[in-house]
Amino acid sequence: MRVHLYERAFLWLGAAMLIVFGITLIITSTAMGIHLPGNVQRLDPAQVREIPPFDEPGVRQIGENRYEVVLIGFAWAFQPREIRIPAGSEVTFIATSTDVIHGLHVQGSRVNMMLIPGQVARNTYRFDKPGTYQMVCHEFCGSGHHIMAGEVIVQ
Ligand code: CUA
């Protein structure tokens, strides 16, 4: 049986690409430590409010110009709803949800997280520019999704 030259070339190209992708996967997962999210802290969503630090949601100062925001997303609000920090602060958000999947996006910043029930998400960002940054939920979470919002006020 004769296989057309182009067809043969295409088969070899496909095989070569498979090998390259396979090698890339092996290198990134072994030598570079790139992997699927593992080692994620998971809590029982129903118990979140009893487990530290989520038993005391809010903003606290943890160093010079460093703050920690323990945040809970639930239908349909963020707790705390308002975060006040001085300009130049580095803020670490530690967040989760108690019910369904919510999102947390602080507009104008790199803070863009998914709040998965009971799964603890972290993200750090430095707010240099004073102003009011809207916090919005960007995962559709039910009839009150559009009212699920808050503010980061940088003074
Ligand atoms: Cu919470 Cu949309």
# chains A, B, ... in the order shown; residues from 1 in each chain; ligands from 1

$ residues_near_ligand --ligand "ligand 1" --cutoff "6 Å" --atoms "only C-alpha atoms and all ligand atoms" --output "PyMOL selection string"
chain A and resi 75-76+102+137-141+145+148

$ write_last_selection --atoms "C-alpha atoms" --output "PDB file, in the first residue's frame"
ATOM      1  CA  ALA A  75     -24.907  34.145  49.197  1.00  0.00           C
ATOM      2  CA  TRP A  76     -24.873  37.112  48.625  1.00  0.00           C
ATOM      3  CA  HIS A 102     -18.282  32.687  44.342  1.00  0.00           C
ATOM      4  CA  CYS A 137     -18.335  38.458  42.704  1.00  0.00           C
ATOM      5  CA  HIS A 138     -17.633  37.202  39.204  1.00  0.00           C
ATOM      6  CA  GLU A 139     -19.096  33.714  39.387  1.00  0.00           C
ATOM      7  CA  PHE A 140     -22.823  33.464  38.876  1.00  0.00           C
ATOM      8  CA  CYS A 141     -24.073  32.338  42.285  1.00  0.00           C
ATOM      9  CA  HIS A 145     -25.275  37.572  42.397  1.00  0.00           C
ATOM     10  CA  MET A 148     -22.679  40.681  45.916  1.00  0.00           C
TER      11      MET A 148
END

$ closest_atom_pairs --of "range 113-144 of chain A" --to "range 44-48 of chain A" --cutoff "12 Å" --atoms "only C-alpha atoms" --output "Markdown table"
| residue | atom | partner | partner_atom | distance |
| --- | --- | --- | --- | --- |
| A:Leu115 | CA | A:Pro45 | CA | 11.1 |
| A:Ile116 | CA | A:Pro45 | CA | 9.1 |
| A:Pro117 | CA | A:Pro45 | CA | 5.4 |
| A:Gly118 | CA | A:Pro45 | CA | 4.3 |
| A:Gln119 | CA | A:Pro45 | CA | 8.1 |
| A:Val120 | CA | A:Val48 | CA | 9.9 |

$ write_last_selection --atoms "all heavy atoms" --output "PDB file, in the first residue's frame"
ATOM      1  N   LEU A 115     -13.752  31.510  44.855  1.00  0.00           N
ATOM      2  CA  LEU A 115     -13.995  31.082  46.223  1.00  0.00           C
ATOM      3  C   LEU A 115     -14.807  29.791  46.160  1.00  0.00           C
ATOM      4  O   LEU A 115     -15.998  29.809  45.886  1.00  0.00           O
ATOM      5  CB  LEU A 115     -14.742  32.167  47.005  1.00  0.00           C
ATOM      6  CG  LEU A 115     -14.129  33.573  46.939  1.00  0.00           C
ATOM      7  CD1 LEU A 115     -14.909  34.534  47.820  1.00  0.00           C
ATOM      8  CD2 LEU A 115     -12.658  33.557  47.347  1.00  0.00           C
ATOM      9  N   ILE A 116     -14.098  28.684  46.369  1.00  0.00           N
ATOM     10  CA  ILE A 116     -14.726  27.370  46.301  1.00  0.00           C
ATOM     11  C   ILE A 116     -15.097  26.950  47.728  1.00  0.00           C
ATOM     12  O   ILE A 116     -14.288  27.129  48.640  1.00  0.00           O
ATOM     13  CB  ILE A 116     -13.751  26.373  45.644  1.00  0.00           C
ATOM     14  CG1 ILE A 116     -13.454  26.836  44.214  1.00  0.00           C
ATOM     15  CG2 ILE A 116     -14.306  24.957  45.664  1.00  0.00           C
ATOM     16  CD1 ILE A 116     -12.300  26.120  43.541  1.00  0.00           C
ATOM     17  N   PRO A 117     -16.323  26.448  47.926  1.00  0.00           N
ATOM     18  CA  PRO A 117     -16.757  26.126  49.290  1.00  0.00           C
ATOM     19  C   PRO A 117     -15.715  25.315  50.074  1.00  0.00           C
ATOM     20  O   PRO A 117     -15.321  24.233  49.651  1.00  0.00           O
ATOM     21  CB  PRO A 117     -18.030  25.313  49.071  1.00  0.00           C
ATOM     22  CG  PRO A 117     -18.560  25.808  47.778  1.00  0.00           C
ATOM     23  CD  PRO A 117     -17.360  26.165  46.946  1.00  0.00           C
ATOM     24  N   GLY A 118     -15.259  25.891  51.179  1.00  0.00           N
ATOM     25  CA  GLY A 118     -14.332  25.209  52.075  1.00  0.00           C
ATOM     26  C   GLY A 118     -12.883  25.213  51.634  1.00  0.00           C
ATOM     27  O   GLY A 118     -12.001  24.829  52.402  1.00  0.00           O
ATOM     28  N   GLN A 119     -12.612  25.629  50.413  1.00  0.00           N
ATOM     29  CA  GLN A 119     -11.227  25.630  49.935  1.00  0.00           C
ATOM     30  C   GLN A 119     -10.618  27.009  50.182  1.00  0.00           C
ATOM     31  O   GLN A 119     -11.192  28.012  49.807  1.00  0.00           O
ATOM     32  CB  GLN A 119     -11.197  25.279  48.450  1.00  0.00           C
ATOM     33  CG  GLN A 119      -9.780  25.086  47.930  1.00  0.00           C
ATOM     34  CD  GLN A 119      -9.787  24.434  46.561  1.00  0.00           C
ATOM     35  OE1 GLN A 119     -10.411  23.402  46.352  1.00  0.00           O
ATOM     36  NE2 GLN A 119      -9.112  25.043  45.606  1.00  0.00           N
ATOM     37  N   VAL A 120      -9.448  27.017  50.826  1.00  0.00           N
ATOM     38  CA  VAL A 120      -8.849  28.284  51.229  1.00  0.00           C
ATOM     39  C   VAL A 120      -7.966  28.832  50.113  1.00  0.00           C
ATOM     40  O   VAL A 120      -7.001  28.182  49.700  1.00  0.00           O
ATOM     41  CB  VAL A 120      -8.042  28.114  52.533  1.00  0.00           C
ATOM     42  CG1 VAL A 120      -7.462  29.453  52.975  1.00  0.00           C
ATOM     43  CG2 VAL A 120      -8.932  27.533  53.636  1.00  0.00           C
TER      44      VAL A 120
END

$ select_by_dssp --residues "range 2-113 of chain A" --states "helix (DSSP H, G or I)" --output "MDAnalysis selection string"
chainID A and resid 5:30 45:50

$ atom_distance --atom1 "CA of Ala87 in chain A" --atom2 "CA of Asn123 in chain A"
17.7 Å

$ residues_around --residues "range 133-136 of chain A" --least-positions-apart "5" --cutoff "9 Å" --atoms "only C-alpha atoms" --output "list in words"
Phe78, Arg81, Glu82, Gly103, Leu104, His105, Val106, Gln107, Gly108, Ser109, His146, Ile147, Met148, Ala149, Gly150, Glu151, Val152, Ile153 and Val154 of chain A

$ closest_residue --among "A:Ile94, A:Lys129, A:Met114, A:Glu64" --to "Pro52 in chain A" --atoms "only C-alpha atoms"
A:Ile94

$ residues_around --residues "Arg49 in chain A" --least-positions-apart "6" --cutoff "12 Å" --atoms "only C-alpha atoms" --output "list in words"
Leu43, Asp55, Glu56, Pro57, Val70, Leu71, Ile72, Gly73, Phe74, Gln79, Ala95, Thr96, Ser97, Thr98, Asp99, Pro117 and Gly118 of chain A

$ select_by_dssp --residues "chain A" --states "strand (DSSP E or B)" --output "PyMOL selection string"
chain A and resi 42+58-63+66-74+77-79+82-85+89-97+102-106+112-115+117+119+121-127+131-136+149-154

$ atom_distance --atom1 "CA of Ile62 in chain A" --atom2 "CA of Gln155 in chain A"
17.9 Å

$ atom_distance --atom1 "CA of Thr24 in chain A" --atom2 "CA of Ala9 in chain A"
22.3 Å

$ closest_residue --among "A:Thr30, A:Ala77, A:Thr124, A:Gly58" --to "Glu90 in chain A" --atoms "only C-alpha atoms"
A:Thr124

$ closest_residue --among "A:Arg42, A:Arg84, A:Arg8, A:Arg110" --to "Gln61 in chain A" --atoms "only C-alpha atoms"
A:Arg84

$ closest_residue --among "A:Ile23, A:Ile51, A:Leu18, A:Ile85" --to "Gly131 in chain A" --atoms "only C-alpha atoms"
A:Ile85
